[in-house]
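File shown: target.txt. Contents: compact mmCIF, C-alpha atoms and all ligand atoms.
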```
# COMPACT_ATOMS: atom_id res chain seq x y z
CA MET A 10 0.00 0.00 0.00
CA VAL A 11 1.39 3.41 -0.86
CA ASP A 12 1.05 6.04 1.86
CA TRP A 13 1.06 9.15 -0.29
CA PHE A 14 -0.82 10.61 -3.21
CA ILE A 15 -0.39 13.35 -5.75
CA THR A 16 -2.82 16.25 -5.71
CA LEU A 17 -4.08 17.39 -9.10
CA ILE A 18 -5.45 20.91 -9.28
CA ASN A 19 -7.72 21.75 -12.19
CA ILE A 20 -6.53 24.88 -13.89
CA ARG A 21 -9.35 27.19 -14.90
CA PRO A 22 -10.11 27.57 -18.63
CA ASP A 23 -7.61 29.83 -20.32
CA ALA A 24 -8.57 33.43 -19.91
CA LEU A 25 -6.15 34.30 -22.66
CA SER A 26 -6.24 33.04 -26.19
CA ILE A 27 -2.50 32.41 -26.17
CA TRP A 28 -2.95 28.65 -26.41
CA GLN A 29 -4.87 29.05 -29.65
CA ASP A 30 -1.55 30.00 -31.21
CA PRO A 31 -0.17 26.77 -32.73
CA VAL A 32 3.47 27.91 -32.53
CA VAL A 33 3.22 28.72 -28.81
CA LYS A 34 1.42 25.46 -28.10
CA GLU A 35 3.94 23.41 -30.05
CA ARG A 36 7.01 25.06 -28.53
CA LEU A 37 5.68 24.87 -24.99
CA ALA A 38 4.04 21.45 -25.39
CA HIS A 39 5.66 19.81 -22.36
CA TYR A 40 4.91 22.75 -20.07
CA TYR A 41 1.31 22.90 -21.31
CA SER A 42 0.74 19.19 -20.64
CA VAL A 43 2.08 19.45 -17.08
CA MET A 44 0.11 22.60 -16.40
CA LYS A 45 -3.06 20.80 -17.52
CA ASN A 46 -2.24 17.63 -15.53
CA GLU A 47 -1.89 15.57 -18.69
CA LYS A 48 1.72 14.76 -17.74
CA PRO A 49 3.65 14.73 -14.47
CA ALA A 50 6.16 17.41 -13.56
CA LYS A 51 9.67 16.02 -13.96
CA PHE A 52 10.54 16.27 -10.26
CA LEU A 53 7.70 13.86 -9.38
CA VAL A 54 9.23 11.17 -11.56
CA ALA A 55 12.81 11.87 -10.43
CA ARG A 56 11.85 11.15 -6.85
CA LEU A 57 10.21 7.84 -7.79
CA MET A 58 13.27 6.52 -9.58
CA PRO A 59 15.08 4.29 -7.07
CA VAL A 60 18.83 4.19 -6.53
CA ASP A 61 20.37 1.34 -4.57
CA VAL A 62 22.75 3.29 -2.32
CA ASP A 63 22.36 5.96 0.36
CA PRO A 64 23.50 9.12 -1.49
CA TYR A 65 23.80 11.00 1.81
CA SER A 66 26.42 8.57 3.13
CA SER A 67 29.69 10.31 3.96
CA ASP A 68 31.51 7.25 2.54
CA LEU A 69 30.68 8.31 -1.01
CA SER A 70 33.06 10.60 -2.85
CA LEU A 71 31.86 13.29 -5.22
CA GLU A 72 33.01 11.19 -8.19
CA GLU A 73 31.05 8.16 -6.95
CA LEU A 74 27.93 10.28 -6.50
CA TRP A 75 28.24 11.65 -10.03
CA SER A 76 28.58 8.17 -11.41
CA ILE A 77 25.36 7.09 -9.60
CA HIS A 78 23.68 10.25 -10.87
CA ASP A 79 24.70 9.70 -14.48
CA LYS A 80 23.55 6.09 -14.45
CA ALA A 81 20.09 7.13 -13.14
CA ARG A 82 20.00 9.97 -15.63
CA GLY A 83 20.29 7.47 -18.45
CA GLU A 84 17.15 5.70 -17.18
CA PHE A 85 15.10 8.80 -16.39
CA THR A 86 13.78 9.49 -19.90
CA SER A 87 12.39 5.99 -20.38
CA MET A 88 10.79 5.98 -16.92
CA TYR A 89 9.21 9.37 -17.65
CA LYS A 90 7.83 8.11 -20.98
CA ASP A 91 6.46 4.93 -19.37
CA ILE A 92 4.62 6.90 -16.70
CA CYS A 93 3.20 9.30 -19.29
CA SER A 94 1.91 6.43 -21.42
CA GLU A 95 0.10 4.88 -18.44
CA GLY A 96 -1.49 8.15 -17.29
CA LEU A 97 -0.89 10.41 -14.35
CA ASN A 98 -2.76 8.26 -11.84
CA LYS A 99 0.00 5.70 -12.25
CA LEU A 100 2.19 7.95 -10.09
CA SER A 101 0.20 7.46 -6.92
CA THR A 102 0.36 3.67 -7.28
CA LEU A 103 4.17 3.69 -7.04
CA GLU A 104 5.98 3.37 -3.72
CA LYS A 105 8.38 6.15 -2.90
CA PRO A 106 11.79 4.48 -2.86
CA LYS A 107 14.05 4.81 0.17
CA TYR A 108 16.54 6.76 -1.95
CA SER A 109 15.82 8.24 -5.36
CA TYR A 110 17.44 10.01 -8.29
CA LEU A 111 16.19 13.23 -6.66
CA ASP A 112 18.04 12.33 -3.44
CA VAL A 113 21.24 11.90 -5.45
CA LYS A 114 20.76 15.37 -6.92
CA ILE A 115 20.12 16.87 -3.48
CA ALA A 116 23.20 15.20 -2.01
CA LEU A 117 25.33 16.49 -4.90
CA ALA A 118 23.91 20.01 -4.63
CA TYR A 119 24.79 20.24 -0.94
CA LYS A 120 28.31 18.97 -1.66
CA LEU A 121 28.73 21.61 -4.37
CA MET A 122 27.71 24.25 -1.83
CA ASN A 123 30.69 23.70 0.48
CA PRO A 124 33.05 25.11 -0.75
CA CYS A 125 30.56 26.75 -3.05
CA ARG A 126 30.74 26.28 -6.80
CA ILE A 127 27.01 26.43 -7.44
CA CYS A 128 27.54 29.32 -9.84
CA GLU A 129 30.48 30.26 -12.05
CA ARG A 130 31.72 32.81 -9.57
CA ARG A 131 33.04 29.70 -7.81
CA CYS A 132 33.76 31.90 -4.81
CA GLY A 133 34.32 28.90 -2.55
CA ALA A 134 32.28 30.16 0.42
CA LEU A 135 31.83 27.59 3.20
CA ARG A 136 28.10 28.04 3.18
CA LEU A 137 27.23 25.02 5.32
CA GLU A 138 29.34 26.63 8.04
CA GLY A 139 27.19 29.73 7.85
CA LYS A 140 29.55 31.78 5.68
CA PRO A 141 27.75 33.58 2.86
CA GLY A 142 29.32 33.94 -0.57
CA ILE A 143 29.30 36.83 -3.02
CA CYS A 144 25.56 36.21 -3.48
CA ALA A 145 24.99 36.85 0.27
CA ILE A 146 23.40 33.43 0.81
CA ASP A 147 24.69 30.76 3.18
CA ARG A 148 22.83 27.71 4.49
CA GLU A 149 19.48 29.45 5.00
CA ILE A 150 16.55 29.68 2.61
CA ILE A 151 15.54 33.31 2.36
CA VAL A 152 12.23 34.18 0.74
CA HIS A 153 11.17 37.81 0.44
CA SER A 154 7.73 37.30 -1.07
CA TYR A 155 5.53 34.90 -3.00
CA PHE A 156 2.36 35.59 -4.95
CA HIS A 157 0.53 35.05 -8.23
CA HIS A 158 2.44 37.23 -10.66
CA MET A 159 0.21 38.59 -13.42
CA GLY A 160 2.94 40.51 -15.24
CA GLU A 161 4.90 37.57 -16.63
CA GLU A 162 4.65 36.28 -20.22
CA SER A 163 1.09 35.39 -21.15
CA PRO A 164 1.55 31.55 -21.23
CA LEU A 165 2.78 31.76 -17.64
CA VAL A 166 0.17 33.83 -15.80
CA PRO A 167 -0.94 33.51 -13.12
CA SER A 168 2.61 32.50 -12.23
CA GLY A 169 3.26 31.24 -8.69
CA THR A 170 6.35 33.35 -8.15
CA ILE A 171 8.78 32.96 -5.26
CA PHE A 172 11.31 35.77 -4.75
CA TYR A 173 14.49 34.50 -3.10
CA GLY A 174 17.01 36.83 -1.49
CA GLY A 175 20.51 37.40 -2.81
CA CYS A 176 22.06 37.31 -6.26
CA ASN A 177 25.33 36.29 -7.85
CA PHE A 178 25.15 39.33 -10.19
CA LYS A 179 25.73 42.93 -9.16
CA CYS A 180 23.72 44.74 -11.82
CA VAL A 181 24.01 48.49 -11.38
CA PHE A 182 20.46 48.94 -12.74
CA CYS A 183 18.78 46.08 -10.85
CA GLN A 184 15.05 46.63 -10.40
CA ASN A 185 14.94 44.22 -7.44
CA TYR A 186 18.02 45.72 -5.81
CA ASP A 187 16.43 45.74 -2.35
CA ILE A 188 16.19 41.93 -2.18
CA SER A 189 19.17 41.11 -4.42
CA GLN A 190 21.87 43.51 -3.14
CA VAL A 191 20.81 46.00 -0.47
CA ASN A 192 18.97 43.78 2.02
CA PRO A 193 19.25 40.24 0.61
CA ARG A 194 19.02 38.53 3.99
CA GLY A 195 16.00 40.51 5.16
CA GLY A 196 13.32 38.03 4.08
CA GLU A 197 11.71 35.09 5.89
CA LYS A 198 14.00 32.20 6.78
CA LEU A 199 12.28 28.96 5.82
CA SER A 200 12.79 25.20 5.94
CA PRO A 201 12.58 23.09 2.75
CA GLN A 202 9.25 21.76 4.04
CA GLU A 203 7.89 25.30 4.35
CA LEU A 204 9.15 26.10 0.87
CA ALA A 205 7.20 23.08 -0.42
CA MET A 206 4.08 24.29 1.43
CA ILE A 207 4.34 27.67 -0.33
CA GLN A 208 4.53 25.93 -3.71
CA ALA A 209 1.50 23.76 -2.91
CA TYR A 210 -0.44 26.81 -1.72
CA LEU A 211 0.34 28.76 -4.91
CA ARG A 212 -0.76 25.85 -7.10
CA ARG A 213 -3.94 25.24 -5.11
CA LYS A 214 -4.84 28.88 -5.64
CA GLY A 215 -4.50 28.56 -9.41
CA ALA A 216 -0.83 29.07 -10.33
CA ARG A 217 0.11 27.62 -13.71
CA ASN A 218 3.68 27.08 -12.58
CA ILE A 219 6.11 27.67 -9.74
CA ASN A 220 8.43 30.48 -10.81
CA HIS A 221 11.75 30.44 -8.91
CA VAL A 222 13.31 33.91 -9.16
CA GLY A 223 15.11 36.55 -7.11
CA GLY A 224 17.68 38.08 -7.29
CA ASP A 225 18.47 34.77 -8.82
CA PRO A 226 17.35 31.30 -7.74
CA THR A 227 20.72 29.65 -8.48
CA PRO A 228 22.32 30.18 -5.03
CA HIS A 229 19.21 28.52 -3.55
CA THR A 230 19.48 25.43 -5.79
CA PRO A 231 20.19 22.86 -3.02
CA PHE A 232 17.21 24.06 -0.96
CA ILE A 233 14.81 24.19 -3.90
CA LEU A 234 15.78 20.64 -4.87
CA GLU A 235 15.22 19.51 -1.30
CA SER A 236 11.78 21.15 -1.21
CA PHE A 237 10.71 18.85 -4.09
CA LYS A 238 10.90 15.91 -1.67
CA TYR A 239 7.94 17.33 0.24
CA LEU A 240 5.83 18.61 -2.66
CA ASP A 241 2.97 16.18 -3.39
CA ILE A 242 1.29 18.23 -6.07
CA ASN A 243 1.64 18.28 -9.83
CA VAL A 244 2.92 21.66 -10.97
CA PRO A 245 5.41 22.75 -13.67
CA GLN A 246 8.69 24.03 -12.25
CA LEU A 247 10.03 27.20 -13.90
CA TRP A 248 13.63 28.45 -13.58
CA ASN A 249 13.78 32.25 -13.99
CA SER A 250 17.49 33.03 -14.00
CA ASN A 251 20.57 34.79 -15.32
CA MET A 252 21.89 31.29 -16.13
CA TYR A 253 25.31 31.78 -14.57
CA MET A 254 25.27 28.38 -12.84
CA THR A 255 28.07 25.86 -13.25
CA GLU A 256 27.71 22.96 -15.70
CA GLU A 257 27.32 20.61 -12.73
CA VAL A 258 24.30 22.56 -11.47
CA MET A 259 22.78 22.57 -14.97
CA LYS A 260 23.08 18.80 -14.91
CA LEU A 261 21.26 18.65 -11.58
CA LEU A 262 18.46 20.89 -12.79
CA GLU A 263 17.85 19.47 -16.22
CA ASP A 264 15.63 16.50 -15.23
CA LEU A 265 13.69 18.63 -12.74
CA ILE A 266 12.80 21.88 -14.51
CA ASP A 267 9.81 21.86 -16.87
CA ILE A 268 10.24 25.30 -18.39
CA TRP A 269 13.20 27.70 -18.50
CA LEU A 270 12.94 31.47 -18.41
CA PRO A 271 16.51 32.71 -18.87
CA ASP A 272 17.68 36.25 -19.28
CA LEU A 273 20.20 36.90 -22.04
CA LYS A 274 21.26 40.44 -21.12
CA TYR A 275 24.52 41.29 -22.81
CA GLY A 276 26.04 40.54 -26.19
CA ASN A 277 29.63 40.73 -24.97
CA ASN A 278 31.75 40.30 -21.85
CA LYS A 279 32.83 43.93 -21.61
CA CYS A 280 29.28 45.20 -21.02
CA ALA A 281 28.60 42.31 -18.62
CA TRP A 282 31.64 43.17 -16.51
CA ARG A 283 30.94 46.89 -16.49
CA LEU A 284 27.23 46.63 -15.64
CA SER A 285 26.94 43.35 -13.63
CA LYS A 286 30.52 42.62 -12.49
CA VAL A 287 30.61 39.09 -13.94
CA LYS A 288 33.37 37.46 -15.95
CA ASP A 289 33.03 35.30 -19.06
CA TYR A 290 29.34 36.14 -19.18
CA TRP A 291 28.82 35.38 -22.85
CA GLU A 292 30.41 31.91 -22.87
CA ILE A 293 28.73 30.81 -19.63
CA SER A 294 25.21 32.12 -20.19
CA THR A 295 25.02 30.95 -23.82
CA ARG A 296 26.40 27.51 -22.84
CA ASN A 297 23.66 27.09 -20.23
CA ILE A 298 20.85 28.57 -22.32
CA LYS A 299 21.75 26.28 -25.22
CA ARG A 300 21.60 23.29 -22.88
CA ALA A 301 18.24 24.40 -21.44
CA HIS A 302 16.88 24.77 -24.99
CA ASP A 303 18.08 21.29 -25.91
CA VAL A 304 16.44 19.60 -22.88
CA GLY A 305 13.22 21.52 -22.33
CA ASP A 306 10.72 24.25 -23.13
CA ILE A 307 12.13 27.75 -23.04
CA ILE A 308 11.25 31.44 -23.23
CA ILE A 309 14.33 33.67 -23.52
CA ARG A 310 14.11 37.21 -22.21
CA HIS A 311 16.14 40.11 -23.49
CA LEU A 312 15.84 43.54 -21.90
CA VAL A 313 16.70 46.25 -24.40
CA LEU A 314 19.15 48.69 -22.79
CA PRO A 315 19.47 52.23 -24.15
CA ASN A 316 22.57 52.70 -26.28
CA HIS A 317 23.22 48.93 -26.22
CA VAL A 318 21.25 47.82 -29.27
CA GLU A 319 24.30 47.24 -31.47
CA CYS A 320 26.68 45.89 -28.82
CA CYS A 321 24.13 43.73 -26.95
CA THR A 322 20.70 43.34 -28.58
CA ARG A 323 22.02 42.51 -32.05
CA PRO A 324 24.49 39.75 -31.02
CA VAL A 325 21.95 38.34 -28.55
CA LEU A 326 19.24 38.04 -31.20
CA GLU A 327 21.65 36.68 -33.79
CA TRP A 328 22.85 34.05 -31.33
CA ILE A 329 19.27 33.05 -30.47
CA ALA A 330 18.35 32.69 -34.15
CA ARG A 331 21.37 30.47 -34.81
CA ASN A 332 21.44 28.36 -31.65
CA THR A 333 18.01 28.11 -30.05
CA PRO A 334 15.51 27.97 -32.91
CA ARG A 335 12.76 26.42 -30.73
CA ALA A 336 12.85 29.25 -28.20
CA LEU A 337 10.10 31.80 -27.80
CA VAL A 338 11.58 35.21 -27.07
CA ASN A 339 10.42 38.16 -25.02
CA ILE A 340 12.03 41.39 -26.17
CA MET A 341 11.44 43.63 -23.16
CA ASP A 342 11.01 47.38 -23.49
CA GLN A 343 10.49 48.31 -19.84
CA TYR A 344 14.03 49.26 -18.82
CA ARG A 345 14.24 52.24 -16.50
CA PRO A 346 17.24 53.50 -14.52
CA GLU A 347 17.19 52.08 -10.98
CA HIS A 348 19.57 51.41 -8.11
CA ILE A 349 23.11 52.80 -8.67
CA VAL A 350 22.27 54.20 -12.11
CA ALA A 351 19.38 56.18 -10.64
CA ARG A 352 21.54 57.56 -7.81
CA HIS A 353 24.68 58.23 -9.85
CA PRO A 354 23.59 58.72 -13.47
CA GLN A 355 26.89 60.44 -14.29
CA LEU A 356 28.70 57.10 -13.77
CA TYR A 357 26.53 55.30 -16.33
CA PRO A 358 25.35 57.97 -18.78
CA ASP A 359 24.68 55.41 -21.52
CA ILE A 360 21.90 53.70 -19.51
CA ALA A 361 20.67 56.67 -17.48
CA ARG A 362 17.45 56.97 -19.48
CA ARG A 363 14.66 54.78 -20.80
CA PRO A 364 15.17 53.26 -24.27
CA LYS A 365 13.82 55.34 -27.10
CA ARG A 366 10.96 54.10 -29.24
CA GLU A 367 13.36 53.89 -32.22
CA GLU A 368 15.65 51.57 -30.24
CA ILE A 369 12.79 49.21 -29.38
CA GLU A 370 11.52 49.30 -32.96
CA LEU A 371 15.02 48.49 -34.21
CA ALA A 372 15.19 45.48 -31.85
CA TYR A 373 11.83 44.24 -33.20
CA LYS A 374 13.01 44.75 -36.77
CA MET A 375 16.17 42.73 -36.10
CA ALA A 376 14.07 39.92 -34.60
CA ASP A 377 11.69 39.95 -37.57
CA GLU A 378 14.58 39.74 -40.01
CA LEU A 379 16.05 36.82 -38.08
CA GLY A 380 12.72 34.94 -37.95
CA ILE A 381 12.51 35.06 -34.15
CA ILE A 382 9.06 34.45 -32.63
CA TYR A 383 8.40 37.10 -29.97
CA LYS A 384 5.06 38.82 -30.55
CA PRO A 385 2.50 36.36 -29.13
CA ILE A 386 3.93 36.17 -25.64
CA SER A 387 5.08 39.72 -24.92
S1 LIG A 401 26.20 30.66 -5.50
FE1 LIG A 401 26.92 32.35 -4.20
S2 LIG A 401 28.34 31.40 -2.77
FE2 LIG A 401 28.05 29.97 -4.48
S3 LIG A 401 29.71 30.37 -5.94
FE3 LIG A 401 27.95 31.62 -6.56
S4 LIG A 401 28.23 33.61 -5.54
FE4 LIG A 401 29.59 32.13 -4.51
```
Taking this structure as input, can you express it in the form of structure tokens?
Amino acid sequence: MVDWFITLINIRPDALSIWQDPVVKERLAHYYSVMKNEKPAKFLVARLMPVDVDPYSSDLSLEELWSIHDKARGEFTSMYKDICSEGLNKLSTLEKPKYSYLDVKIALAYKLMNPCRICERRCGALRLEGKPGICAIDREIIVHSYFHHMGEESPLVPSGTIFYGGCNFKCVFCQNYDISQVNPRGGEKLSPQELAMIQAYLRRKGARNINHVGGDPTPHTPFILESFKYLDINVPQLWNSNMYMTEEVMKLLEDLIDIWLPDLKYGNNKCAWRLSKVKDYWEISTRNIKRAHDVGDIIIRHLVLPNHVECCTRPVLEWIARNTPRALVNIMDQYRPEHIVARHPQLYPDIARRPKREEIELAYKMADELGIIYKPIS
């Protein structure tokens, strides 16, 4: 007899006609099926896939854990397909194994956190000893707010959005600077079980997805993965991120995240260093976005910065057209000077104003010429 069951919440009929668009429906087919309870979220299957060792044992080295992970990873796709072909109710007939593929991912994520190389800053903070890294996060889950976000892309709303504290970027124009940089540790400190309860609450109240954002969710990766152990509800998991995680963390996330919402901000490393203080931005973010595109559904965001259409928007859109042809794209026009740029506009005169209409129109024209799909979801 199994002693657990999955809750399925009926999502109300679509208020928006977005799903009438065949391109949107085709490109977000996996996400749509999970949202409608026609398929399980990936994390639900990952935690039902048994592994035959205790991944939390201190006897296991990192290399041994990766080898267990990669073996289970090879079996995940066929298990996912089998469960889908038998219908979602099949899930609740399966016993939860003592240790699962998800447990292996959690164990690996906590190991990668101490010294920390969760993101490509690789700052080496001893977070399990209570020492925060550059992102300001240590061993505590910090949530500043959670609610149904109605301002996200139309296939996503209402989006059950969780705002985590801290960020591995230091964007001088950050619009969430209070929770990412100024007071990152000021939110509620939660347990993984409480984080799961928030996700269940958001879904029960009609969220189409759980939208992990910040700041950036990446520093919270181990805790978010652990929360999936306690989440007995079918809901698509959405990763809303600057995509500066390490390759190892991408590997942990890829069989758990149902839809990716990455930001591709800059078209070169010089602008990324000057405005966000990150190195090798282009190589790292495009590497991770390409991987996300190849393993799942994806909407790529690009915020048009004033005076950065040629150096950033053009190479970003050209890269998207060449490398992620299945992606839907949101070309965002809402930039406004905030944070350091608002206080010291003389330091950043190029971005000390809103983008002009001509700049936004030029970005749209570039996208049209490259065959990028962006209009239906903006
Ligand atoms: S997640 Fe935070 S602590 Fe870890 S490497 Fe990145 S900045 Fe450093």
| task | Kindly give the distance, in Å, that separates CA of Arg335 in chain A and CA of Arg36 in chain A, rounded to a single decimal. | result | 6.3 Å
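Straight-line separation from CA of Asp377 in chain A to CA of Cys321 in chain A: 16.8 Å.
Each of A:Cys128, A:Ile171, A:Ile268, A:Ile207 was checked against ligand LIG 401 (chain A) using only C-alpha atoms and all ligand atoms; the smallest atom-to-atom distance is that of A:Cys128.
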| task | For ligand LIG 401 (chain A), collect every residue having any atom at a distance of at most 10 Å from a ligand atom (counting all atoms listed in the file); output as a ChimeraX atom specification. | result | /A:121-136,140-148,175-178,225-230,253-255
| said: Please return as JSON, numbers by chain every residue within 10 Å of (25.1, 51.9, -22.4), taking into account only C-alpha atoms and the file's own coordinates. | reply: {"A": [280, 283, 284, 314, 315, 316, 317, 318, 320, 321, 357, 358, 359, 360, 361, 362]}
| message | At a cut-off of 8 Å, using all atoms listed in the file, what residues contact His39 in chain A? Leave out same-chain residues fewer than 6 positions from it and give the result as a PyMOL selection string. | response | chain A and resi 48+267+305-306
Counting only C-alpha atoms, give me one row per residue of range 188-271 of chain A with an atom at most 10 Å from an atom of range 69-81 of chain A, showing the shortest contact pair and its distance in Å to one decimal, sorted by chain then residue number, as a Markdown table.
```
| residue | atom | partner | partner_atom | distance |
| --- | --- | --- | --- | --- |
| A:Glu257 | CA | A:Trp75 | CA | 9.4 |
| A:Lys260 | CA | A:Asp79 | CA | 9.3 |
| A:Leu261 | CA | A:His78 | CA | 8.8 |
```
| request: Could you check which of A:Glu319, A:Glu368, A:Asp272, A:Glu263 is closest to Lys51 in chain A, using all atoms listed in the file? | output: A:Glu263
| Suppose you want the space between CA of Leu204 in chain A and CA of His153 in chain A; what is it in Å? | 11.9 Å
